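See below for the structure under consideration.
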Amino acid sequence: MFHLICSFIGSPMLVLQSVSVHVEGGTMGGLHCLLLLSFHLIAPLPSLAGRIPAVIVFGDSTVDAGNNNYVATIAKADFPPYGRDFPGGRATGRFCNGRLATDFISEALGLPPSIPAYLDPAYTIEDFARGVCFASAATGFDTATSDFLSVIPLWKEVEFFKEYRQRLTAYVGKKKAAYIVREAVYIVSIGTNDFIENYYSPLGRRRWEFTVEEYVDFIVGLARDFFRDIYRLGARKISFTGLSPFGCLPSERATNQETKGACVEEYNRVAKEFNGKLEAAMQRLCEELPGIKLRFAPLYDLFLDATQNPSRYGFESSSRGCCGTGKFETSITCNEWTPFTCEDADKFAFWDSIHPSERFYRFFANQTLSTSLAEFI
Ligand SMILES: *[C@@H]1O[C@H](CO)[C@@H](O)[C@H](O)[C@H]1NC(C)=O
């Protein structure tokens, strides 16, 4: 067993920290480290993981920990079989059989094993000081998207964040609150609904207003405004989960007009185009906003590979979700009385026709930790 003793350069006070040696010195930025062969020499001190005070989450159903339970909408998942593999078998409102990628990330950073929903009255600012989720299922960058199912628009998630900062300041004081806001990791996962629920929906009006290229640019513009907003409020270490190849979601494959069961190529092309444009916009923001670390979490290729080669990932199926027939069921149509729900969700890349299974989310968490988050921790 090795330990590292580290001191912050230029700090008036020597700060000692012990960390397990699998954390590479290279990720530690301004720390100078000395390898000690015996850990008996130093008392146990907080691990490196303790350097991230909180994980703060914005987005849609891919990261909603249960905020929609407290919103008058049909986009909910607070009933069985949702949550059947969550600790206690609880349907928390997560659109999954178990935990989400953000929960695994929190745990890996030495923070709680699940991130609480901001609107859940069971939690207080004491809990939220270590991680909080503002996300809302069925929302998007575009307010026309959140309007469809009357969920929380992204601007409102930002309002909650403002309120959170005030509550945090009242709870831990100005200095500590500023520290938490600055050093927290922000995970943003949103955008798919702008396309599947809005632009490509027969009920959507955006299709009459924009070509798809124009709509991509419009959404990229909204994303840029959002990143500027949370930067102004103090966010610095931000990871954006780009769009997945949403043409390969079981629901989209099942309704593919051209080849039933195949991925919808146009959707995947749009997702790729969006990711490329957004990544370029994020790079420009990094030049514009001093101190911001805005990083893209590249999940597109992993997602596509897992849906095309499920057995490589230990999945038996990726063309349908575990719940019901897995082709159409999601939210209220995936319930206790839905027939054909699978026994073991670990064998499925998708839990319902739109949302990844817990096991698929573990892959996303690992990928995010080793890419966009690697330099924050
Ligand atoms: C994710 O990483 C953890 C820790 O390295 C590992 O134990 C786990 O098997 C990985 N999970 C997946 C699904 O890759």
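The chains in the structure tokens are called A, B, ... from first to last as shown; in each chain the residues are counted from 1, and the ligands are counted from 1 in the order shown.
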Cut-off 7 Å: closest chain A/ligand 1 atom pairs per residue, using only C-alpha atoms and all ligand atoms, as a Markdown table:
| residue | atom | partner | partner_atom_place_in_ligand_line | distance |
| --- | --- | --- | --- | --- |
| A:Arg359 | CA | ligand 1 | 13 (C) | 6.1 |
| A:Phe360 | CA | ligand 1 | 13 (C) | 6.7 |
| A:Arg362 | CA | ligand 1 | 13 (C) | 4.7 |
| A:Phe363 | CA | ligand 1 | 13 (C) | 4.3 |
| A:Asn366 | CA | ligand 1 | 1 (C) | 4.9 |
Output the selection as a CSV table (one decimal), in the first residue's frame - N, CA, C and O atoms for each residue.
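Produced file again02.csv, reproduced below:
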chain,number,residue,atom,x,y,z
A,359,ARG,N,-27.3,-0.8,-15.8
A,359,ARG,CA,-26.0,-1.4,-16.2
A,359,ARG,C,-25.4,-0.5,-17.3
A,359,ARG,O,-24.2,-0.3,-17.4
A,360,PHE,N,-26.2,-0.1,-18.2
A,360,PHE,CA,-25.7,0.8,-19.3
A,360,PHE,C,-25.2,2.1,-18.8
A,360,PHE,O,-24.2,2.6,-19.2
A,362,ARG,N,-23.8,2.5,-16.0
A,362,ARG,CA,-22.5,2.3,-15.3
A,362,ARG,C,-21.4,2.6,-16.4
A,362,ARG,O,-20.4,3.1,-16.1
A,363,PHE,N,-21.6,2.1,-17.6
A,363,PHE,CA,-20.7,2.3,-18.7
A,363,PHE,C,-20.5,3.8,-18.9
A,363,PHE,O,-19.4,4.3,-19.1
A,366,ASN,N,-18.5,5.4,-16.2
A,366,ASN,CA,-17.0,5.2,-16.3
A,366,ASN,C,-16.4,6.0,-17.4
A,366,ASN,O,-15.3,6.5,-17.3
Practice task
Apply DSSP to the backbone of this structure and, from stretch 214-347 of chain A, keep only the residues in strand (DSSP E or B); write these as a PyMOL selection string.
Solution key: chain A and resi 237-241+293-297+317
Practice task
Please report, as a VMD selection string, each residue of stretch 153-360 of chain A to which DSSP assigns helix (DSSP H, G or I) when run on this structure's backbone.
Solution key: chain A and resid 154 to 172 174 to 183 192 to 199 206 to 209 212 to 232 246 to 248 250 to 254 265 to 288 300 to 308 310 to 313 331 to 333 345 to 347 358 to 360
Exercise for the section: Tell me which protein, DNA and RNA residues are within 10 Å of stretch 325-340 of chain A, counting only C-alpha atoms, leaving out same-chain ones fewer than 5 positions away, and put them as an NGL selection string. Expected result: :A and (74-82 or 93 or 95-96 or 137 or 249-255 or 261 or 318-320 or 348 or 350-355)
Against stretch 53-68 of chain A, which residues of stretch 180-295 of chain A fall within 7 Å? For each one I want the closest pair of atoms and the distance in Å (one decimal), counting only C-alpha atoms, rows by chain and increasing residue number, as a tab-separated table.
residue	atom	partner	partner_atom	distance
A:Ile180	CA	A:Pro53	CA	5.8
A:Glu183	CA	A:Pro53	CA	6.6
A:Ala184	CA	A:Ala54	CA	4.8
A:Val185	CA	A:Val55	CA	4.9
A:Tyr186	CA	A:Ile56	CA	4.8
A:Ile187	CA	A:Val57	CA	4.9
A:Val188	CA	A:Phe58	CA	4.9
A:Ser189	CA	A:Gly59	CA	4.7
A:Ile190	CA	A:Gly59	CA	4.7
Practice task
Have a look at A:Arg167, A:Arg269, A:Lys237, A:Lys347 and name the one nearest to A:Thr124; count only C-alpha atoms.
Solution key: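 Among the listed residues, A:Arg167 lies closest to A:Thr124.
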Long-range neighbours of stretch 241-248 of chain A as a short mmCIF file (atom, residue, chain, number, x, y, z; two decimals) with all heavy atoms, in the first residue's frame, 9 Å cut-off, only C-alpha atoms, 4 positions minimum in chain:
data_model
loop_
_atom_site.label_atom_id
_atom_site.label_comp_id
_atom_site.auth_asym_id
_atom_site.auth_seq_id
_atom_site.Cartn_x
_atom_site.Cartn_y
_atom_site.Cartn_z
N ILE A 187 -22.79 18.43 -14.18
CA ILE A 187 -23.08 17.50 -15.26
C ILE A 187 -24.38 17.93 -15.94
O ILE A 187 -25.40 18.13 -15.28
CB ILE A 187 -23.17 16.06 -14.74
CG1 ILE A 187 -21.78 15.68 -14.20
CG2 ILE A 187 -23.62 15.10 -15.84
CD1 ILE A 187 -21.71 14.33 -13.58
N VAL A 188 -24.28 18.12 -17.24
CA VAL A 188 -25.42 18.61 -18.02
C VAL A 188 -25.75 17.56 -19.08
O VAL A 188 -24.91 17.21 -19.90
CB VAL A 188 -25.07 19.96 -18.69
CG1 VAL A 188 -26.27 20.50 -19.45
CG2 VAL A 188 -24.56 20.97 -17.65
N SER A 189 -26.97 17.03 -19.02
CA SER A 189 -27.39 15.99 -19.97
C SER A 189 -28.79 16.33 -20.48
O SER A 189 -29.79 16.14 -19.77
CB SER A 189 -27.37 14.63 -19.28
OG SER A 189 -27.83 13.63 -20.17
N ILE A 190 -28.86 16.86 -21.68
CA ILE A 190 -30.12 17.39 -22.20
C ILE A 190 -29.99 17.58 -23.71
O ILE A 190 -28.87 17.68 -24.23
CB ILE A 190 -30.44 18.74 -21.49
CG1 ILE A 190 -31.82 19.27 -21.86
CG2 ILE A 190 -29.37 19.79 -21.76
CD1 ILE A 190 -32.28 20.45 -20.99
N GLY A 191 -31.10 17.61 -24.42
CA GLY A 191 -31.06 17.93 -25.85
C GLY A 191 -31.83 16.96 -26.73
O GLY A 191 -32.39 17.34 -27.75
N THR A 192 -31.86 15.67 -26.33
CA THR A 192 -32.54 14.68 -27.17
C THR A 192 -34.02 15.00 -27.35
O THR A 192 -34.57 14.85 -28.44
CB THR A 192 -32.40 13.27 -26.55
OG1 THR A 192 -31.02 13.04 -26.27
CG2 THR A 192 -32.89 12.20 -27.50
N ILE A 196 -36.64 14.45 -30.49
CA ILE A 196 -37.66 13.38 -30.60
C ILE A 196 -39.03 13.81 -30.09
O ILE A 196 -40.05 13.35 -30.59
CB ILE A 196 -37.22 12.04 -29.95
CG1 ILE A 196 -36.91 12.18 -28.46
CG2 ILE A 196 -36.05 11.44 -30.68
CD1 ILE A 196 -36.63 10.82 -27.80
N GLU A 252 -37.51 4.56 -31.40
CA GLU A 252 -37.31 5.10 -32.75
C GLU A 252 -37.10 3.97 -33.76
O GLU A 252 -37.56 4.07 -34.90
CB GLU A 252 -36.12 6.07 -32.77
CG GLU A 252 -36.18 7.18 -31.72
CD GLU A 252 -37.53 7.88 -31.67
OE1 GLU A 252 -37.99 8.36 -32.72
OE2 GLU A 252 -38.13 7.93 -30.57
N ARG A 253 -36.43 2.91 -33.33
CA ARG A 253 -36.26 1.75 -34.22
C ARG A 253 -37.61 1.12 -34.54
O ARG A 253 -37.87 0.74 -35.68
CB ARG A 253 -35.34 0.71 -33.57
CG ARG A 253 -33.92 1.20 -33.46
CD ARG A 253 -33.04 0.27 -32.66
NE ARG A 253 -32.80 -1.00 -33.35
CZ ARG A 253 -31.76 -1.79 -33.09
NH1 ARG A 253 -30.87 -1.45 -32.15
NH2 ARG A 253 -31.60 -2.93 -33.73
N ASN A 256 -39.44 3.20 -37.13
CA ASN A 256 -38.69 3.58 -38.34
C ASN A 256 -39.56 3.33 -39.58
O ASN A 256 -39.99 2.20 -39.84
CB ASN A 256 -37.40 2.76 -38.41
CG ASN A 256 -36.46 3.27 -39.49
OD1 ASN A 256 -36.88 3.96 -40.42
ND2 ASN A 256 -35.18 2.94 -39.37
N ALA A 262 -34.61 -0.98 -37.74
CA ALA A 262 -33.25 -0.43 -37.93
C ALA A 262 -33.15 0.94 -37.26
O ALA A 262 -34.16 1.61 -37.04
CB ALA A 262 -32.95 -0.31 -39.42
N CYS A 263 -31.92 1.37 -36.97
CA CYS A 263 -31.72 2.70 -36.41
C CYS A 263 -32.13 3.74 -37.46
O CYS A 263 -31.95 3.52 -38.66
CB CYS A 263 -30.26 2.92 -36.05
SG CYS A 263 -29.65 1.83 -34.75
N VAL A 264 -32.66 4.87 -37.00
CA VAL A 264 -33.05 5.93 -37.92
C VAL A 264 -31.81 6.77 -38.23
O VAL A 264 -31.33 7.54 -37.39
CB VAL A 264 -34.17 6.82 -37.32
CG1 VAL A 264 -34.61 7.89 -38.32
CG2 VAL A 264 -35.35 5.97 -36.89
N GLU A 265 -31.28 6.56 -39.43
CA GLU A 265 -29.99 7.17 -39.77
C GLU A 265 -30.03 8.70 -39.71
O GLU A 265 -29.06 9.33 -39.30
CB GLU A 265 -29.52 6.71 -41.15
CG GLU A 265 -29.10 5.25 -41.20
CD GLU A 265 -28.08 4.85 -40.11
OE1 GLU A 265 -27.24 5.69 -39.76
OE2 GLU A 265 -28.16 3.72 -39.61
N GLU A 266 -31.15 9.28 -40.13
CA GLU A 266 -31.20 10.75 -40.12
C GLU A 266 -31.02 11.30 -38.70
O GLU A 266 -30.32 12.29 -38.49
CB GLU A 266 -32.52 11.28 -40.70
CG GLU A 266 -32.51 12.80 -40.67
CD GLU A 266 -33.78 13.49 -41.14
OE1 GLU A 266 -34.61 12.85 -41.78
OE2 GLU A 266 -33.89 14.70 -40.86
N TYR A 267 -31.63 10.64 -37.73
CA TYR A 267 -31.50 11.11 -36.34
C TYR A 267 -30.05 11.04 -35.87
O TYR A 267 -29.55 11.94 -35.20
CB TYR A 267 -32.39 10.29 -35.41
CG TYR A 267 -33.89 10.46 -35.62
CD1 TYR A 267 -34.78 9.74 -34.85
CD2 TYR A 267 -34.40 11.33 -36.58
CE1 TYR A 267 -36.16 9.87 -35.02
CE2 TYR A 267 -35.77 11.47 -36.76
CZ TYR A 267 -36.65 10.74 -35.98
OH TYR A 267 -38.00 10.86 -36.15
N ASN A 268 -29.40 9.94 -36.22
CA ASN A 268 -28.00 9.80 -35.80
C ASN A 268 -27.11 10.86 -36.47
O ASN A 268 -26.20 11.40 -35.84
CB ASN A 268 -27.48 8.40 -36.12
CG ASN A 268 -28.11 7.34 -35.24
OD1 ASN A 268 -28.92 7.66 -34.36
ND2 ASN A 268 -27.76 6.09 -35.45
N ARG A 269 -27.42 11.15 -37.73
CA ARG A 269 -26.65 12.17 -38.44
C ARG A 269 -26.84 13.53 -37.77
O ARG A 269 -25.88 14.28 -37.56
CB ARG A 269 -27.11 12.23 -39.91
CG ARG A 269 -26.35 13.22 -40.77
CD ARG A 269 -26.97 13.37 -42.16
NE ARG A 269 -28.35 13.84 -42.17
CZ ARG A 269 -28.72 15.11 -41.91
NH1 ARG A 269 -27.82 16.01 -41.63
NH2 ARG A 269 -29.99 15.45 -41.95
N VAL A 270 -28.09 13.83 -37.38
CA VAL A 270 -28.39 15.10 -36.72
C VAL A 270 -27.68 15.18 -35.36
O VAL A 270 -27.11 16.20 -35.00
CB VAL A 270 -29.92 15.29 -36.56
CG1 VAL A 270 -30.25 16.39 -35.57
CG2 VAL A 270 -30.54 15.58 -37.92
N ALA A 271 -27.69 14.06 -34.62
CA ALA A 271 -27.02 14.04 -33.31
C ALA A 271 -25.54 14.32 -33.48
O ALA A 271 -24.94 15.09 -32.72
CB ALA A 271 -27.24 12.69 -32.63
N LYS A 272 -24.94 13.73 -34.49
CA LYS A 272 -23.51 13.90 -34.74
C LYS A 272 -23.19 15.34 -35.12
O LYS A 272 -22.21 15.93 -34.66
CB LYS A 272 -23.08 12.97 -35.87
CG LYS A 272 -22.04 11.98 -35.39
CD LYS A 272 -21.46 11.19 -36.52
CE LYS A 272 -20.01 10.97 -36.15
NZ LYS A 272 -19.64 9.59 -36.06
N PHE A 274 -24.99 17.98 -34.41
CA PHE A 274 -25.20 18.80 -33.21
C PHE A 274 -23.97 18.71 -32.31
O PHE A 274 -23.45 19.74 -31.84
CB PHE A 274 -26.45 18.30 -32.47
CG PHE A 274 -26.68 18.98 -31.15
CD1 PHE A 274 -27.39 20.17 -31.09
CD2 PHE A 274 -26.20 18.44 -29.97
CE1 PHE A 274 -27.60 20.82 -29.88
CE2 PHE A 274 -26.41 19.07 -28.75
CZ PHE A 274 -27.11 20.26 -28.71
N ASN A 275 -23.49 17.50 -32.06
CA ASN A 275 -22.33 17.33 -31.17
C ASN A 275 -21.11 18.08 -31.69
O ASN A 275 -20.41 18.74 -30.92
CB ASN A 275 -21.99 15.84 -31.02
CG ASN A 275 -23.01 15.11 -30.14
OD1 ASN A 275 -23.80 15.73 -29.43
ND2 ASN A 275 -22.99 13.79 -30.19
N LEU A 278 -21.71 21.84 -31.26
CA LEU A 278 -21.71 22.24 -29.86
C LEU A 278 -20.30 22.19 -29.29
O LEU A 278 -19.89 23.07 -28.53
CB LEU A 278 -22.66 21.37 -29.03
CG LEU A 278 -22.93 21.98 -27.67
CD1 LEU A 278 -23.52 23.37 -27.80
CD2 LEU A 278 -23.86 21.12 -26.87
N GLU A 279 -19.55 21.17 -29.68
CA GLU A 279 -18.19 21.06 -29.16
C GLU A 279 -17.37 22.27 -29.61
O GLU A 279 -16.59 22.83 -28.82
CB GLU A 279 -17.54 19.75 -29.62
CG GLU A 279 -16.37 19.38 -28.75
CD GLU A 279 -15.82 17.99 -29.03
OE1 GLU A 279 -16.35 17.27 -29.91
OE2 GLU A 279 -14.83 17.64 -28.38
N ARG A 295 -16.19 20.80 -20.72
CA ARG A 295 -15.71 19.62 -21.43
C ARG A 295 -16.84 18.76 -21.95
O ARG A 295 -17.85 18.59 -21.30
CB ARG A 295 -14.83 18.77 -20.51
CG ARG A 295 -13.61 19.49 -19.99
CD ARG A 295 -12.57 19.71 -21.07
NE ARG A 295 -11.40 20.41 -20.55
CZ ARG A 295 -11.20 21.73 -20.60
NH1 ARG A 295 -12.10 22.52 -21.18
NH2 ARG A 295 -10.13 22.28 -20.10
N PHE A 296 -16.58 18.20 -23.10
CA PHE A 296 -17.55 17.36 -23.78
C PHE A 296 -17.34 15.90 -23.33
O PHE A 296 -16.22 15.41 -23.36
CB PHE A 296 -17.29 17.50 -25.28
CG PHE A 296 -18.42 17.05 -26.13
CD1 PHE A 296 -19.54 17.85 -26.26
CD2 PHE A 296 -18.36 15.84 -26.79
CE1 PHE A 296 -20.59 17.45 -27.06
CE2 PHE A 296 -19.41 15.44 -27.59
CZ PHE A 296 -20.53 16.24 -27.72
N ALA A 297 -18.40 15.25 -22.90
CA ALA A 297 -18.30 13.83 -22.54
C ALA A 297 -18.69 13.00 -23.76
O ALA A 297 -19.85 13.00 -24.15
CB ALA A 297 -19.22 13.51 -21.36
N PRO A 298 -17.75 12.35 -24.39
CA PRO A 298 -18.04 11.67 -25.65
C PRO A 298 -18.70 10.31 -25.44
O PRO A 298 -18.04 9.30 -25.28
CB PRO A 298 -16.66 11.51 -26.29
CG PRO A 298 -15.72 11.48 -25.13
CD PRO A 298 -16.36 12.15 -23.96
N LEU A 299 -20.02 10.29 -25.44
CA LEU A 299 -20.74 9.02 -25.22
C LEU A 299 -21.34 8.47 -26.51
O LEU A 299 -21.80 7.34 -26.54
CB LEU A 299 -21.85 9.22 -24.18
CG LEU A 299 -21.41 9.62 -22.77
CD1 LEU A 299 -22.60 9.66 -21.83
CD2 LEU A 299 -20.36 8.67 -22.22
N TYR A 300 -21.31 9.29 -27.57
CA TYR A 300 -21.96 8.88 -28.83
C TYR A 300 -21.43 7.54 -29.33
O TYR A 300 -22.20 6.62 -29.60
CB TYR A 300 -21.75 9.98 -29.89
CG TYR A 300 -22.45 9.70 -31.20
CD1 TYR A 300 -23.67 10.29 -31.50
CD2 TYR A 300 -21.89 8.84 -32.15
CE1 TYR A 300 -24.32 10.04 -32.71
CE2 TYR A 300 -22.53 8.58 -33.35
CZ TYR A 300 -23.74 9.18 -33.63
OH TYR A 300 -24.37 8.91 -34.81
N ASP A 301 -20.12 7.41 -29.43
CA ASP A 301 -19.53 6.20 -30.01
C ASP A 301 -19.78 4.98 -29.13
O ASP A 301 -20.07 3.90 -29.63
CB ASP A 301 -18.02 6.39 -30.22
CG ASP A 301 -17.75 7.40 -31.33
OD1 ASP A 301 -18.65 7.61 -32.18
OD2 ASP A 301 -16.66 7.99 -31.34
N PHE A 303 -22.25 4.55 -27.05
CA PHE A 303 -23.68 4.26 -27.15
C PHE A 303 -23.98 3.47 -28.43
O PHE A 303 -24.66 2.45 -28.43
CB PHE A 303 -24.44 5.59 -27.15
CG PHE A 303 -25.91 5.50 -26.91
CD1 PHE A 303 -26.46 5.90 -25.69
CD2 PHE A 303 -26.78 5.05 -27.90
CE1 PHE A 303 -27.83 5.84 -25.47
CE2 PHE A 303 -28.15 4.98 -27.67
CZ PHE A 303 -28.68 5.38 -26.47
N LEU A 304 -23.41 3.96 -29.53
CA LEU A 304 -23.64 3.31 -30.83
C LEU A 304 -23.06 1.90 -30.85
O LEU A 304 -23.70 0.96 -31.29
CB LEU A 304 -23.03 4.16 -31.94
CG LEU A 304 -23.44 3.79 -33.36
CD1 LEU A 304 -24.93 3.98 -33.58
CD2 LEU A 304 -22.65 4.62 -34.38
N THR A 307 -25.15 -0.45 -28.84
CA THR A 307 -26.43 -0.82 -29.45
C THR A 307 -26.21 -1.73 -30.66
O THR A 307 -27.06 -2.54 -30.99
CB THR A 307 -27.28 0.41 -29.85
OG1 THR A 307 -26.47 1.33 -30.55
CG2 THR A 307 -27.85 1.10 -28.64
N GLN A 308 -25.03 -1.62 -31.28
CA GLN A 308 -24.78 -2.47 -32.44
C GLN A 308 -24.10 -3.80 -32.09
O GLN A 308 -24.26 -4.79 -32.80
CB GLN A 308 -23.97 -1.70 -33.48
CG GLN A 308 -24.87 -0.65 -34.13
CD GLN A 308 -24.16 0.25 -35.11
OE1 GLN A 308 -22.93 0.30 -35.12
NE2 GLN A 308 -24.92 0.98 -35.89
N SER A 318 -30.37 -4.98 -27.34
CA SER A 318 -30.30 -3.52 -27.35
C SER A 318 -31.38 -2.95 -28.26
O SER A 318 -31.50 -1.75 -28.42
CB SER A 318 -28.92 -3.06 -27.84
OG SER A 318 -28.75 -3.50 -29.17
N SER A 319 -32.16 -3.84 -28.88
CA SER A 319 -33.18 -3.35 -29.81
C SER A 319 -34.51 -3.10 -29.11
O SER A 319 -35.38 -2.45 -29.65
CB SER A 319 -33.37 -4.34 -30.96
OG SER A 319 -33.73 -5.59 -30.43
N ILE A 354 -36.96 4.06 -24.17
CA ILE A 354 -36.18 5.29 -24.38
C ILE A 354 -34.96 5.39 -23.47
O ILE A 354 -33.95 6.00 -23.84
CB ILE A 354 -37.10 6.53 -24.17
CG1 ILE A 354 -38.21 6.54 -25.22
CG2 ILE A 354 -36.30 7.83 -24.21
CD1 ILE A 354 -39.08 7.77 -25.19
N THR A 368 -17.46 8.83 -18.62
CA THR A 368 -17.43 10.25 -18.26
C THR A 368 -16.29 10.52 -17.28
O THR A 368 -15.57 11.51 -17.40
CB THR A 368 -18.79 10.66 -17.64
OG1 THR A 368 -19.83 10.30 -18.55
CG2 THR A 368 -18.86 12.15 -17.39
#
Exercise for the section: Can you pull out every residue within 10 Å of A:Leu285, counting only C-alpha atoms, but drop anything in the same chain fewer than 6 positions away, and send it as a list in words? Expected result: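 Once the nearby chain positions are removed, what remains is Arg224, Phe227, Arg228, Glu279, Ile292, Lys293 and Leu294 of chain A.
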Just-selected residues, N, CA, C and O atoms written as a PDB file, in the first residue's frame:
ATOM      1  N   ARG A 224     -25.326  27.625 -25.579  1.00  0.00           N
ATOM      2  CA  ARG A 224     -24.297  28.618 -25.276  1.00  0.00           C
ATOM      3  C   ARG A 224     -24.804  29.599 -24.210  1.00  0.00           C
ATOM      4  O   ARG A 224     -24.098  29.916 -23.257  1.00  0.00           O
ATOM      5  N   PHE A 227     -24.756  27.876 -20.794  1.00  0.00           N
ATOM      6  CA  PHE A 227     -23.425  27.744 -20.182  1.00  0.00           C
ATOM      7  C   PHE A 227     -22.954  29.091 -19.641  1.00  0.00           C
ATOM      8  O   PHE A 227     -22.363  29.168 -18.566  1.00  0.00           O
ATOM      9  N   ARG A 228     -23.241  30.177 -20.384  1.00  0.00           N
ATOM     10  CA  ARG A 228     -22.869  31.512 -19.893  1.00  0.00           C
ATOM     11  C   ARG A 228     -23.598  31.823 -18.591  1.00  0.00           C
ATOM     12  O   ARG A 228     -23.029  32.377 -17.669  1.00  0.00           O
ATOM     13  N   GLU A 279     -19.549  21.167 -29.680  1.00  0.00           N
ATOM     14  CA  GLU A 279     -18.188  21.062 -29.164  1.00  0.00           C
ATOM     15  C   GLU A 279     -17.366  22.275 -29.609  1.00  0.00           C
ATOM     16  O   GLU A 279     -16.591  22.832 -28.822  1.00  0.00           O
ATOM     17  N   ILE A 292     -13.183  28.968 -17.014  1.00  0.00           N
ATOM     18  CA  ILE A 292     -14.182  27.920 -17.235  1.00  0.00           C
ATOM     19  C   ILE A 292     -13.490  26.667 -17.763  1.00  0.00           C
ATOM     20  O   ILE A 292     -12.505  26.748 -18.508  1.00  0.00           O
ATOM     21  N   LYS A 293     -13.963  25.521 -17.304  1.00  0.00           N
ATOM     22  CA  LYS A 293     -13.523  24.251 -17.873  1.00  0.00           C
ATOM     23  C   LYS A 293     -14.781  23.573 -18.359  1.00  0.00           C
ATOM     24  O   LYS A 293     -15.526  23.003 -17.583  1.00  0.00           O
ATOM     25  N   LEU A 294     -15.008  23.687 -19.641  1.00  0.00           N
ATOM     26  CA  LEU A 294     -16.223  23.172 -20.245  1.00  0.00           C
ATOM     27  C   LEU A 294     -15.813  22.003 -21.115  1.00  0.00           C
ATOM     28  O   LEU A 294     -15.121  22.188 -22.106  1.00  0.00           O
TER      29      LEU A 294
END
Practice task
May I have the residues within 7 Å of stretch 139-149 of chain A as a list in words, using only C-alpha atoms and disregarding those fewer than 3 positions away in the same chain?
Solution key: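 Using only C-alpha atoms, the neighbours found are Asp60, Thr73, Ile74, Ala75, Ser136, Ile152, Pro153, Leu154, Ile190, Gly191, Asn193, Asp194, Glu197, Asn198, Ile219, Leu222 and Ala223 of chain A.
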Can you write out the residues you just picked, keeping N, CA and C atoms, as a compact mmCIF listing (two decimals), in the first residue's frame?
# COMPACT_ATOMS: atom_id res chain seq x y z
N ASP A 60 -32.40 16.40 -18.39
CA ASP A 60 -33.69 15.76 -18.66
C ASP A 60 -33.81 14.41 -17.96
N THR A 73 -47.36 16.76 -14.32
CA THR A 73 -47.06 16.29 -15.68
C THR A 73 -47.29 14.79 -15.73
N ILE A 74 -47.46 14.26 -16.92
CA ILE A 74 -47.55 12.80 -17.03
C ILE A 74 -46.17 12.18 -17.19
N ALA A 75 -45.13 13.00 -17.39
CA ALA A 75 -43.77 12.47 -17.57
C ALA A 75 -43.18 12.10 -16.21
N SER A 136 -35.21 17.64 -15.09
CA SER A 136 -36.64 17.35 -15.23
C SER A 136 -36.86 16.52 -16.50
N ILE A 152 -40.32 21.11 -16.22
CA ILE A 152 -39.51 22.27 -15.81
C ILE A 152 -38.64 22.74 -16.98
N PRO A 153 -38.84 23.98 -17.45
CA PRO A 153 -37.95 24.47 -18.52
C PRO A 153 -36.53 24.68 -17.98
N LEU A 154 -35.56 24.69 -18.89
CA LEU A 154 -34.17 24.80 -18.44
C LEU A 154 -33.92 26.11 -17.70
N ILE A 190 -28.86 16.86 -21.68
CA ILE A 190 -30.12 17.39 -22.20
C ILE A 190 -29.99 17.58 -23.71
N GLY A 191 -31.10 17.61 -24.42
CA GLY A 191 -31.06 17.93 -25.85
C GLY A 191 -31.83 16.96 -26.73
N ASN A 193 -34.67 15.47 -26.27
CA ASN A 193 -36.10 15.74 -26.36
C ASN A 193 -36.43 16.86 -27.34
N ASP A 194 -35.48 17.78 -27.53
CA ASP A 194 -35.72 18.85 -28.50
C ASP A 194 -35.96 18.27 -29.89
N GLU A 197 -39.05 14.71 -29.11
CA GLU A 197 -40.35 15.08 -28.54
C GLU A 197 -40.91 16.32 -29.24
N ASN A 198 -40.01 17.08 -29.84
CA ASN A 198 -40.41 18.36 -30.38
C ASN A 198 -40.23 18.41 -31.90
N ILE A 219 -30.55 25.47 -31.29
CA ILE A 219 -30.33 24.78 -30.01
C ILE A 219 -28.90 25.02 -29.51
N LEU A 222 -28.90 28.23 -27.80
CA LEU A 222 -29.52 28.17 -26.47
C LEU A 222 -28.56 27.51 -25.47
N ALA A 223 -27.83 26.51 -25.94
CA ALA A 223 -26.86 25.83 -25.07
C ALA A 223 -25.78 26.81 -24.63
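For the pair atom CA of A:Tyr70 and atom CA of A:Leu119, the interatomic distance is 6.6 Å.
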Problem - A:Glu375, A:Phe161, A:Ala235, A:Ala129 ranked by distance to A:Pro112, top pick (using only C-alpha atoms) - result: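 Among the listed residues, the smallest separation from A:Pro112 belongs to A:Ala129.
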Handout entry: Computed interatomic separation between atom CA of A:Ala177 and atom CA of A:Ile125 (Å)
Key = 11.4 Å
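Atom pair atom CA of A:Arg130 / atom CA of A:Ala178 has a distance of 13.5 Å (rounded to one decimal).
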